[in-house]
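A.B. asks: What follows is the file my_file36.txt, containing compact mmCIF, C-alpha atoms:
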# COMPACT_ATOMS: atom_id res chain seq x y z
CA MET A 1344 25.14 182.80 -110.30
CA THR A 1345 28.48 181.65 -108.86
CA THR A 1346 28.48 177.88 -108.48
CA LEU A 1347 30.25 175.37 -106.28
CA SER A 1348 30.13 171.61 -106.51
CA GLN A 1349 33.49 170.45 -105.12
CA PRO A 1350 34.26 169.89 -101.40
CA THR A 1351 36.44 172.45 -99.69
CA ALA A 1352 39.03 172.09 -96.95
CA THR A 1353 37.88 175.38 -95.41
CA ALA A 1354 34.82 174.04 -93.65
CA ILE A 1355 32.01 175.61 -91.65
CA THR A 1356 29.87 174.08 -88.90
CA PRO A 1357 26.16 174.56 -89.68
CA ILE A 1358 23.76 174.36 -86.74
CA ARG A 1359 20.38 172.88 -87.65
CA GLU A 1360 17.43 173.28 -85.30
CA PRO A 1361 13.76 172.62 -86.05
CA GLY A 1362 11.86 175.78 -86.95
CA LYS A 1363 15.02 177.81 -87.58
CA PRO A 1364 17.22 178.55 -90.59
CA VAL A 1365 20.72 177.09 -90.58
CA VAL A 1366 23.02 179.15 -88.34
CA VAL A 1367 26.81 179.36 -88.65
CA HIS A 1368 28.76 181.00 -85.82
CA THR A 1369 31.82 182.90 -86.97
CA PRO A 1370 35.01 183.44 -84.91
CA ASP A 1371 35.53 186.63 -82.92
CA PHE A 1372 37.05 189.28 -85.18
CA THR A 1373 39.02 192.43 -84.42
CA GLY A 1374 37.38 194.27 -87.33
CA MET A 1375 35.83 193.96 -90.77
CA ALA A 1376 39.13 193.38 -92.56
CA GLU A 1377 39.62 190.18 -90.61
CA ALA A 1378 35.95 189.27 -91.02
CA THR A 1379 35.93 189.75 -94.79
CA ALA A 1380 39.08 187.65 -95.12
CA TRP A 1381 37.30 184.84 -93.24
CA LEU A 1382 34.16 185.23 -95.39
CA THR A 1383 36.21 185.12 -98.58
CA ALA A 1384 38.05 181.98 -97.49
CA HIS A 1385 34.83 180.25 -96.42
CA ARG A 1386 32.67 181.48 -99.26
CA PRO A 1387 32.70 178.16 -101.19
CA ALA A 1388 31.52 176.24 -98.12
CA ILE A 1389 28.88 178.88 -97.35
CA GLN A 1390 27.59 178.70 -100.92
CA ALA A 1391 27.46 174.92 -100.79
CA GLU A 1392 25.35 175.13 -97.62
CA LEU A 1393 23.19 177.80 -99.21
CA HIS A 1394 22.39 175.44 -102.11
CA ARG A 1395 21.60 172.70 -99.62
CA SER A 1396 19.47 174.65 -97.15
CA GLY A 1397 18.26 177.70 -99.10
CA ALA A 1398 19.24 180.16 -96.36
CA VAL A 1399 22.25 180.54 -94.04
CA LEU A 1400 22.46 182.94 -91.09
CA LEU A 1401 26.00 184.01 -90.15
CA ARG A 1402 26.29 185.11 -86.52
CA GLY A 1403 29.20 186.98 -84.94
CA LEU A 1404 30.26 189.43 -87.65
CA PRO A 1405 31.20 193.04 -86.75
CA VAL A 1406 28.51 194.47 -89.07
CA GLU A 1407 27.26 197.69 -87.53
CA ASP A 1408 26.22 200.00 -90.38
CA ALA A 1409 25.62 200.17 -94.13
CA ALA A 1410 29.34 200.47 -94.89
CA THR A 1411 30.39 197.34 -92.98
CA PHE A 1412 27.36 195.48 -94.35
CA ALA A 1413 28.51 196.37 -97.88
CA GLU A 1414 31.95 194.95 -97.08
CA ALA A 1415 30.35 191.66 -96.02
CA ARG A 1416 28.23 191.72 -99.19
CA ASP A 1417 31.29 192.16 -101.40
CA ALA A 1418 32.99 189.19 -99.74
CA LEU A 1419 29.98 186.93 -100.24
CA ILE A 1420 28.39 188.09 -103.50
CA ALA A 1421 30.32 188.37 -106.75
CA GLU A 1422 27.86 190.47 -108.78
CA ARG A 1423 25.27 193.01 -107.67
CA ALA A 1424 21.68 192.85 -108.90
CA GLY A 1425 19.24 195.71 -109.40
CA TYR A 1426 15.76 196.21 -107.92
CA LYS A 1427 13.24 196.37 -110.78
CA GLU A 1428 9.50 197.04 -111.04
CA LYS A 1429 9.53 198.38 -107.50
CA ALA A 1430 6.71 197.32 -105.22
CA THR A 1431 7.68 198.39 -101.70
CA PRO A 1432 9.18 201.56 -100.19
CA ARG A 1433 12.87 201.25 -99.32
CA THR A 1434 15.57 203.64 -98.14
CA ASP A 1435 18.61 203.71 -100.42
CA PHE A 1436 21.86 203.87 -98.41
CA GLY A 1437 24.04 203.84 -101.54
CA GLU A 1438 26.38 201.24 -103.03
CA GLY A 1439 23.50 198.82 -103.60
CA VAL A 1440 22.45 198.72 -99.93
CA PHE A 1441 18.80 199.34 -99.02
CA SER A 1442 16.49 199.04 -96.05
CA SER A 1443 14.73 195.69 -96.26
CA THR A 1444 11.42 197.58 -96.32
CA ASP A 1445 9.95 200.79 -94.92
CA LEU A 1446 6.47 199.33 -94.40
CA PRO A 1447 4.96 199.96 -90.91
CA ALA A 1448 6.13 197.80 -88.01
CA VAL A 1449 2.63 196.45 -87.34
CA GLN A 1450 2.36 195.02 -90.84
CA PRO A 1451 3.72 191.50 -91.28
CA ILE A 1452 5.02 190.58 -94.74
CA ARG A 1453 4.16 187.16 -96.17
CA LEU A 1454 6.72 184.89 -97.76
CA HIS A 1455 7.63 185.79 -101.34
CA ASN A 1456 10.50 185.43 -103.82
CA GLU A 1457 12.10 188.75 -104.69
CA ASN A 1458 11.18 190.03 -108.16
CA SER A 1459 9.55 186.73 -109.16
CA TYR A 1460 7.63 188.67 -111.83
CA THR A 1461 10.68 190.09 -113.67
CA LEU A 1462 12.59 188.47 -116.55
CA ASP A 1463 15.77 188.47 -114.50
CA PHE A 1464 15.97 188.61 -110.75
CA PRO A 1465 18.43 188.41 -107.84
CA GLY A 1466 19.69 184.88 -107.33
CA VAL A 1467 20.88 185.74 -103.82
CA LEU A 1468 19.73 188.19 -101.16
CA LEU A 1469 21.79 189.30 -98.17
CA PHE A 1470 20.06 190.67 -95.08
CA GLY A 1471 21.93 192.29 -92.21
CA CYS A 1472 20.89 193.40 -88.73
CA VAL A 1473 22.17 196.80 -87.60
CA ILE A 1474 19.47 197.40 -84.95
CA ALA A 1475 17.57 194.41 -83.56
CA PRO A 1476 13.89 194.97 -82.67
CA GLU A 1477 12.61 194.62 -79.11
CA THR A 1478 10.12 191.90 -80.06
CA GLY A 1479 9.31 190.04 -83.28
CA GLY A 1480 10.70 191.36 -86.53
CA ALA A 1481 12.43 188.20 -87.72
CA THR A 1482 13.12 187.90 -91.43
CA THR A 1483 11.26 184.65 -92.01
CA VAL A 1484 12.31 182.18 -94.70
CA GLY A 1485 10.71 179.12 -96.25
CA ASP A 1486 12.00 176.36 -98.54
CA MET A 1487 10.10 176.57 -101.83
CA ARG A 1488 11.18 173.08 -102.88
CA LYS A 1489 9.27 171.79 -99.87
CA ALA A 1490 6.38 174.13 -100.64
CA LEU A 1491 6.01 172.71 -104.14
CA ALA A 1492 6.04 169.17 -102.75
CA LEU A 1493 3.33 170.05 -100.20
CA LEU A 1494 0.91 171.62 -102.68
CA PRO A 1495 -1.96 169.40 -103.84
CA PRO A 1496 -0.68 167.75 -107.06
CA GLU A 1497 -3.70 168.84 -109.10
CA LEU A 1498 -3.26 172.47 -108.07
CA ALA A 1499 0.49 172.38 -108.75
CA ALA A 1500 -0.19 170.86 -112.18
CA ARG A 1501 -2.59 173.67 -113.07
CA PHE A 1502 0.05 176.27 -112.21
CA ALA A 1503 2.75 174.33 -114.06
CA LYS A 1504 0.63 174.41 -117.20
CA ALA A 1505 -0.90 177.88 -117.02
CA GLY A 1506 1.53 179.92 -114.91
CA TRP A 1507 0.29 182.91 -112.95
CA LEU A 1508 -0.98 186.29 -114.04
CA LEU A 1509 -0.13 189.54 -112.25
CA GLU A 1510 -2.18 192.69 -112.70
CA ARG A 1511 -0.92 195.97 -111.22
CA ASN A 1512 -2.36 199.47 -111.10
CA TYR A 1513 0.29 202.15 -110.63
CA SER A 1514 -0.98 205.48 -109.31
CA ASP A 1515 -0.29 208.20 -106.77
CA LEU A 1516 -3.38 207.20 -104.77
CA ALA A 1517 -2.66 203.55 -104.03
CA GLY A 1518 0.22 201.18 -104.59
CA MET A 1519 3.41 202.44 -106.20
CA PRO A 1520 3.48 205.46 -108.58
CA TRP A 1521 4.64 204.37 -112.03
CA ARG A 1522 7.38 207.00 -112.10
CA LYS A 1523 8.99 205.45 -109.02
CA ALA A 1524 8.35 201.83 -110.01
CA PHE A 1525 9.94 202.22 -113.44
CA SER A 1526 12.49 204.92 -112.50
CA SER A 1527 11.25 207.20 -115.27
CA GLU A 1528 9.64 210.65 -115.30
CA GLU A 1529 8.28 210.15 -118.82
CA PRO A 1530 5.55 207.72 -119.92
CA LYS A 1531 7.75 206.63 -122.80
CA GLY A 1532 10.34 205.30 -120.37
CA ALA A 1533 7.75 203.10 -118.64
CA GLU A 1534 6.40 201.94 -122.00
CA GLU A 1535 9.85 201.03 -123.30
CA TYR A 1536 10.54 199.00 -120.17
CA CYS A 1537 7.23 197.16 -120.52
CA ASP A 1538 7.80 196.48 -124.22
CA ALA A 1539 11.26 195.05 -123.47
CA ASN A 1540 10.07 192.90 -120.57
CA SER A 1541 6.90 191.17 -121.83
CA ILE A 1542 4.53 193.38 -119.86
CA GLY A 1543 1.22 194.44 -121.33
CA TYR A 1544 0.05 197.93 -120.39
CA GLU A 1545 -2.65 200.53 -120.83
CA TRP A 1546 -2.92 204.12 -119.60
CA LEU A 1547 -6.12 204.83 -117.68
CA ASP A 1548 -5.08 208.48 -117.40
CA GLU A 1549 -1.78 210.35 -117.38
CA ASP A 1550 -1.03 209.30 -113.80
CA THR A 1551 -2.50 205.77 -113.77
CA LEU A 1552 -0.89 202.83 -115.54
CA ARG A 1553 -2.34 199.31 -115.57
CA THR A 1554 -0.09 196.37 -116.43
CA ARG A 1555 -0.52 192.62 -116.84
CA GLN A 1556 2.18 190.00 -117.11
CA LEU A 1557 2.08 186.23 -117.38
CA ARG A 1558 4.89 184.43 -115.61
CA SER A 1559 5.88 180.89 -114.72
CA ALA A 1560 4.86 179.74 -111.25
CA ILE A 1561 7.44 176.95 -111.13
CA ILE A 1562 11.08 177.22 -112.18
CA THR A 1563 14.23 175.10 -111.97
CA HIS A 1564 17.31 176.21 -110.05
CA PRO A 1565 20.14 176.62 -112.60
CA VAL A 1566 22.77 175.18 -110.22
CA THR A 1567 21.01 172.47 -108.19
CA GLY A 1568 18.53 171.42 -110.90
CA GLU A 1569 15.67 171.37 -108.38
CA ARG A 1570 12.16 172.59 -109.17
CA SER A 1571 10.87 175.37 -106.95
CA TRP A 1572 7.60 177.22 -106.35
CA PHE A 1573 8.57 180.76 -107.40
CA ASN A 1574 5.94 183.49 -107.60
CA HIS A 1575 3.90 186.20 -105.87
CA PHE A 1576 0.53 184.57 -106.55
CA ALA A 1577 -0.76 184.28 -102.98
CA PHE A 1578 1.25 187.26 -101.75
CA TRP A 1579 -0.65 189.68 -104.02
CA ASN A 1580 -3.94 187.87 -104.41
CA ALA A 1581 -6.92 189.95 -103.34
CA ARG A 1582 -8.25 187.02 -101.30
CA THR A 1583 -5.10 187.11 -99.15
CA LEU A 1584 -5.87 190.63 -97.95
CA ASP A 1585 -7.63 191.13 -94.63
CA GLU A 1586 -11.33 191.28 -95.41
CA ASP A 1587 -11.79 194.81 -94.06
CA VAL A 1588 -8.84 196.10 -96.09
CA ARG A 1589 -10.07 194.36 -99.22
CA ASP A 1590 -13.57 195.78 -98.82
CA VAL A 1591 -12.23 199.34 -98.48
CA LEU A 1592 -9.93 198.96 -101.51
CA VAL A 1593 -12.66 197.48 -103.68
CA GLU A 1594 -15.14 200.17 -102.63
CA THR A 1595 -12.56 202.88 -103.38
CA PHE A 1596 -10.92 201.59 -106.56
CA GLY A 1597 -13.22 198.84 -107.86
CA GLU A 1598 -12.46 195.15 -108.42
CA ASP A 1599 -10.15 195.90 -111.35
CA GLY A 1600 -8.49 198.91 -109.71
CA LEU A 1601 -6.65 197.19 -106.86
CA PRO A 1602 -2.93 197.98 -106.61
CA PHE A 1603 -2.22 194.26 -107.10
CA ASN A 1604 -4.19 191.17 -107.98
CA THR A 1605 -3.28 187.75 -109.31
CA TYR A 1606 -4.94 185.00 -111.30
CA LEU A 1607 -4.14 181.62 -112.73
CA GLY A 1608 -2.31 182.17 -115.99
CA ASP A 1609 -5.46 181.53 -118.05
CA GLY A 1610 -7.16 184.46 -116.29
CA THR A 1611 -9.34 182.44 -113.93
CA SER A 1612 -9.55 183.13 -110.21
CA LEU A 1613 -8.82 180.51 -107.59
CA THR A 1614 -11.40 179.79 -104.91
CA ASP A 1615 -10.95 181.09 -101.37
CA ALA A 1616 -10.14 177.54 -100.28
CA GLU A 1617 -7.43 177.15 -102.92
CA VAL A 1618 -5.77 180.45 -101.99
CA ASP A 1619 -5.98 179.42 -98.34
CA THR A 1620 -4.28 176.12 -99.21
CA ILE A 1621 -1.32 177.93 -100.76
CA ASN A 1622 -1.00 180.23 -97.76
CA GLU A 1623 -1.18 177.23 -95.40
CA VAL A 1624 1.73 175.65 -97.30
CA TYR A 1625 3.76 178.84 -96.82
CA GLN A 1626 3.01 178.72 -93.09
CA ALA A 1627 4.05 175.06 -92.92
CA VAL A 1628 7.52 175.72 -94.36
CA THR A 1629 8.23 179.01 -92.52
CA VAL A 1630 11.24 179.10 -90.21
CA ARG A 1631 12.57 182.03 -88.20
CA GLU A 1632 15.42 183.16 -85.98
CA THR A 1633 15.44 186.26 -83.77
CA TRP A 1634 17.83 188.88 -85.10
CA GLN A 1635 20.96 189.82 -83.19
CA ARG A 1636 23.05 192.86 -84.05
CA GLY A 1637 25.72 191.92 -86.58
CA ASP A 1638 23.82 188.94 -87.99
CA VAL A 1639 23.77 188.56 -91.75
CA MET A 1640 21.64 186.03 -93.61
CA LEU A 1641 22.15 184.80 -97.15
CA VAL A 1642 18.98 183.67 -98.91
CA ASP A 1643 18.91 181.79 -102.20
CA ASN A 1644 16.04 183.63 -103.85
CA ILE A 1645 14.96 180.64 -105.95
CA LEU A 1646 15.18 177.96 -103.28
CA SER A 1647 13.73 180.09 -100.46
CA ALA A 1648 11.06 182.73 -100.06
CA HIS A 1649 11.37 185.38 -97.36
CA GLY A 1650 9.06 187.59 -95.31
CA ARG A 1651 8.95 189.67 -92.13
CA GLU A 1652 7.20 189.47 -88.79
CA SER A 1653 5.56 192.51 -87.23
CA TYR A 1654 7.66 193.98 -84.44
CA THR A 1655 8.02 196.52 -81.67
CA GLY A 1656 10.87 198.91 -80.96
CA ALA A 1657 13.48 200.22 -83.36
CA ARG A 1658 14.54 197.86 -86.16
CA LYS A 1659 17.09 198.38 -88.91
CA ILE A 1660 17.59 195.49 -91.30
CA LEU A 1661 19.60 196.11 -94.46
CA VAL A 1662 19.38 194.19 -97.73
CA ALA A 1663 21.57 193.79 -100.79
CA MET A 1664 20.75 191.82 -103.92
CA GLY A 1665 23.15 189.92 -106.11
CA GLU A 1666 24.02 187.13 -108.52
CA PRO A 1667 21.33 188.06 -111.10
CA VAL A 1668 19.65 185.12 -112.84
CA PRO A 1669 17.78 185.30 -116.17
CA LEU A 1670 14.40 183.58 -116.07
CA ALA A 1671 15.36 181.88 -119.34
CA ASP A 1672 18.11 179.98 -117.47
CA CYS A 1673 15.55 178.44 -115.09
CA SER A 1674 13.49 176.26 -117.47
CA PRO A 1675 10.24 178.12 -116.73
CA SER A 1676 7.20 175.87 -117.07
CA THR A 1677 5.28 178.75 -118.70
CA ALA A 1678 6.71 181.22 -121.20
CA PRO A 1679 6.44 184.93 -120.21
CA SER A 1680 3.77 186.93 -121.99
CA THR A 1681 2.18 190.40 -122.02
CA ALA A 1682 -1.25 188.86 -121.29
CA PRO A 1683 -2.99 190.54 -123.05
CA TYR A 1684 -2.23 194.29 -123.34
CA GLY A 1685 0.18 195.10 -126.11
CA GLU A 1686 -0.41 191.89 -128.04
Would you write out, as C-alpha cells, the structure that this file holds?

C.D. replies:
Amino acid sequence: MTTLSQPTATAITPIREPGKPVVVHTPDFTGMAEATAWLTAHRPAIQAELHRSGAVLLRGLPVEDAATFAEARDALIAERAGYKEKATPRTDFGEGVFSSTDLPAVQPIRLHNENSYTLDFPGVLLFGCVIAPETGGATTVGDMRKALALLPPELAARFAKAGWLLERNYSDLAGMPWRKAFSSEEPKGAEEYCDANSIGYEWLDEDTLRTRQLRSAIITHPVTGERSWFNHFAFWNARTLDEDVRDVLVETFGEDGLPFNTYLGDGTSLTDAEVDTINEVYQAVTVRETWQRGDVMLVDNILSAHGRESYTGARKILVAMGEPVPLADCSPSTAPSTAPYGE
C-alpha cells in the first residue's frame, strides 16, 4: 500500500460531523482532466486523512459514469486489486470498475471488510455515485479500531487466540456457484486455488463444493501500526440472519448446508447474545452520508468496514479496489489454515 508520513503543503480541509464520514469539498472543475490533476496533487494529504479517519468522502467531482470514475481511481490509487473468492453478484464495467453490489434494493448489507477471508485483499476501496437513490442507500462505514476497543475484552481475547472459521457451500441452488466464485469451469481450477490459499475443501457432488478456512479476526495495519477488527464473522454467521430466512435455509439445506456460516476458530459456536454483542458494536461505530451524484469515497479496508442501507429509486454506485495487501504483512493474530479439509 502506498504510504505517507510527511506533512504536505498541498492541504485539504476535512469536515468532521458526528455520525458522518469525513467530507472534503473539492473546487469546481471544468472537466475530469482538471479534477484528476487536483486529485493527484492532493493525493498525499488525502491518504494522510484516510489513515487518520479510515474513510474520506470527496464531494464536487465531475464523476458521471464508469469511465470518469476510473479516471478518479487512477489518480487516487496506484495499484489495482482483484476480487477473489466472489461472494456477491456484481456488474463488471471493465477496467477494474464494478457495481458495488447487485443485491436487491430492499436488502441492507451489514458492515464488513472486503475479502477479509483471503490471503491478500484490497487495502483501499473507492466508491463512486453515478445515480443517487431517492431515499436511503448510503454506503455506510465504521471504524474497526473503535470496534475492537468496544468489544468485551474477554470476547476479543478469544478471537485473538483462536481466530474465526468460515464455512461455505458453493452450489447453483444457493449462494455463489463455485465456477463463478473461483473463475474456473473445471474442478481442478477451484482445487488448485484452494490448495494455494489455505482453504480446505470437499466435493459433495459435481456441482457442490464445501470449503473451510481459518483466518485471523484481528490484524495490524501495515502503515499505521494499529490493531483492527477485520473479519466476516458476524456478517456471515447464521445467527445474524433473520429468523424466518434462517429457518427456511436450514429446512432446505440443513444446518451444515448453509451458503455461509462462521465459528470461533476452534470450531465452537458463539451464543446468540455474543453474536448480538458484535453486531451491536458494528451499529455503534456506523456512520453514513447521503450520496450525491459525483461523490467518491475512499475507504481504508483494514481501518474501516463498509455496508449499504436499503433504498428506493434508481441507484448506481460503482466500486474499484486497489493497493493490495498480503495478510502476512498485517501481523495476523492467528495463522491461516485449511481447517480441516485437505490437512

A.B. asks: Point out the residue among A:Gln1626, A:Thr1373, A:Thr1605, A:Thr1356 with the least atom-to-atom distance to A:Arg1511, counting only C-alpha atoms.

C.D. replies: A:Thr1605

A.B. asks: Report, in Å to a single decimal, how far apart atom CA of A:Leu1641 and atom CA of A:Val1367 are.

C.D. replies: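 Answer for the atom CA of A:Val1367 to atom CA of A:Leu1641 separation: 11.1 Å.
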
A.B. asks: Have a look at A:Thr1444, A:Asn1604, A:Ser1653, A:Gln1390 and name the one nearest to A:Thr1431; count only C-alpha atoms.

C.D. replies: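 Counting only C-alpha atoms, the residue closest to A:Thr1431 is A:Thr1444.
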
A.B. asks: Counting all atoms listed in the file, which of A:Val1668, A:Ile1355, A:Ala1678, A:Leu1468 gets nearest to A:Lys1504?

C.D. replies: A:Ala1678

A.B. asks: Considering only C-alpha atoms, state which residue in the set A:Gln1450, A:Ser1526, A:Ser1442, A:Ser1676 is at the smallest distance from A:Leu1469.

C.D. replies: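 Going through A:Gln1450, A:Ser1526, A:Ser1442, A:Ser1676 one by one, the smallest distance to A:Leu1469 is for A:Ser1442.
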
A.B. asks: For each of A:Gly1506, A:Pro1405, A:Pro1675, A:Gly1480, take the minimum atom-to-atom distance to A:Pro1370, counting only C-alpha atoms, then give the residue where this is smallest.

C.D. replies: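 Among the listed residues, A:Pro1405 lies closest to A:Pro1370.
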
A.B. asks: Give the answer as one residue: which of A:Glu1392, A:Asp1672, A:Asp1585, A:Glu1623 has the shortest atom-to-atom distance to A:Ile1358, using only C-alpha atoms?

C.D. replies: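 Ranking A:Glu1392, A:Asp1672, A:Asp1585, A:Glu1623 by distance to A:Ile1358, first place goes to A:Glu1392.
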
A.B. asks: Measure the distance from atom CA of A:Ala1490 to atom CA of A:Ala1663 in Å and round it to one decimal.

C.D. replies: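 Atom CA of A:Ala1663 lies 24.8 Å from atom CA of A:Ala1490.
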
A.B. asks: One number please: atom CA of A:Ala1481 to atom CA of A:Leu1446, in Å, one decimal.

C.D. replies: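 If I compute the distance from atom CA of A:Ala1481 to atom CA of A:Leu1446, I get 14.3 Å.
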
A.B. asks: Would you kindly return, as a PyMOL selection string, each protein, DNA or RNA residue with an atom no farther than 12 Å from any atom of A:Asn1622, considering all atoms listed in the file and excluding same-chain residues fewer than 5 positions away?

C.D. replies: chain A and resi 1453-1455+1485+1490+1493-1494+1575-1580+1582-1584+1615-1617+1627-1629

A.B. asks: Let's have the selection written as a compact mmCIF listing (two decimals), in the coordinates of the input, with C-alpha atoms.

C.D. replies:
# COMPACT_ATOMS: atom_id res chain seq x y z
CA ARG A 1453 4.16 187.16 -96.17
CA LEU A 1454 6.72 184.89 -97.76
CA HIS A 1455 7.63 185.79 -101.34
CA GLY A 1485 10.71 179.12 -96.25
CA ALA A 1490 6.38 174.13 -100.64
CA LEU A 1493 3.33 170.05 -100.20
CA LEU A 1494 0.91 171.62 -102.68
CA HIS A 1575 3.90 186.20 -105.87
CA PHE A 1576 0.53 184.57 -106.55
CA ALA A 1577 -0.76 184.28 -102.98
CA PHE A 1578 1.25 187.26 -101.75
CA TRP A 1579 -0.65 189.68 -104.02
CA ASN A 1580 -3.94 187.87 -104.41
CA ARG A 1582 -8.25 187.02 -101.30
CA THR A 1583 -5.10 187.11 -99.15
CA LEU A 1584 -5.87 190.63 -97.95
CA ASP A 1615 -10.95 181.09 -101.37
CA ALA A 1616 -10.14 177.54 -100.28
CA GLU A 1617 -7.43 177.15 -102.92
CA ALA A 1627 4.05 175.06 -92.92
CA VAL A 1628 7.52 175.72 -94.36
CA THR A 1629 8.23 179.01 -92.52

A.B. asks: Which residues are close to stretch 1591-1599 of chain A, i.e. within 9 Å by all atoms listed in the file, leaving aside same-chain residues fewer than 5 positions away? Reply as a list in words.

C.D. replies: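 The residues satisfying every condition are Glu1510, Asn1512, Ala1517, Glu1586 and Asn1604 of chain A.
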
A.B. asks: Near stretch 1378-1384 of chain A, counting all atoms listed in the file, which residues have an atom at most 12 Å away, once you skip same-chain residues fewer than 4 positions from it, shown as a compact mmCIF listing (two decimals) with C-alpha atoms, keeping the file's coordinate frame?

C.D. replies:
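Saved file out.txt follows:
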# COMPACT_ATOMS: atom_id res chain seq x y z
CA THR A 1351 36.44 172.45 -99.69
CA ALA A 1352 39.03 172.09 -96.95
CA THR A 1353 37.88 175.38 -95.41
CA ALA A 1354 34.82 174.04 -93.65
CA ILE A 1355 32.01 175.61 -91.65
CA VAL A 1367 26.81 179.36 -88.65
CA HIS A 1368 28.76 181.00 -85.82
CA THR A 1369 31.82 182.90 -86.97
CA PRO A 1370 35.01 183.44 -84.91
CA ASP A 1371 35.53 186.63 -82.92
CA PHE A 1372 37.05 189.28 -85.18
CA THR A 1373 39.02 192.43 -84.42
CA GLY A 1374 37.38 194.27 -87.33
CA ALA A 1388 31.52 176.24 -98.12
CA ILE A 1389 28.88 178.88 -97.35
CA GLN A 1390 27.59 178.70 -100.92
CA LEU A 1401 26.00 184.01 -90.15
CA ARG A 1402 26.29 185.11 -86.52
CA GLY A 1403 29.20 186.98 -84.94
CA LEU A 1404 30.26 189.43 -87.65
CA PRO A 1405 31.20 193.04 -86.75
CA VAL A 1406 28.51 194.47 -89.07
CA THR A 1411 30.39 197.34 -92.98
CA PHE A 1412 27.36 195.48 -94.35
CA ALA A 1413 28.51 196.37 -97.88
CA GLU A 1414 31.95 194.95 -97.08
CA ALA A 1415 30.35 191.66 -96.02
CA ARG A 1416 28.23 191.72 -99.19
CA ASP A 1417 31.29 192.16 -101.40
CA ALA A 1418 32.99 189.19 -99.74
CA LEU A 1419 29.98 186.93 -100.24
CA ILE A 1420 28.39 188.09 -103.50
CA ALA A 1421 30.32 188.37 -106.75
CA GLY A 1637 25.72 191.92 -86.58
CA VAL A 1639 23.77 188.56 -91.75

A.B. asks: Skip stretch 1363-1366 of chain A itself and residues of its chain fewer than 4 positions away, then list as a count of residues only all residues within 8 Å of it, counting only C-alpha atoms.

C.D. replies: 13

A.B. asks: For stretch 1642-1645 of chain A, find every residue with an atom within 6 Å (counting all atoms listed in the file), except residues of its own chain fewer than 2 positions away, and show them as a ChimeraX atom specification.

C.D. replies: /A:1397-1398,1456,1466-1468,1647

A.B. asks: What would the file look like if the residues just selected were written as a PDB file, in the coordinates of the input with C-alpha atoms?

C.D. replies:
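File written: selection25.pdb
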ATOM      1  CA  GLY A1397      18.260 177.700 -99.100  1.00  0.00           C
ATOM      2  CA  ALA A1398      19.240 180.160 -96.360  1.00  0.00           C
ATOM      3  CA  ASN A1456      10.500 185.430-103.820  1.00  0.00           C
ATOM      4  CA  GLY A1466      19.690 184.880-107.330  1.00  0.00           C
ATOM      5  CA  VAL A1467      20.880 185.740-103.820  1.00  0.00           C
ATOM      6  CA  LEU A1468      19.730 188.190-101.160  1.00  0.00           C
ATOM      7  CA  SER A1647      13.730 180.090-100.460  1.00  0.00           C
TER       8      SER A1647
END
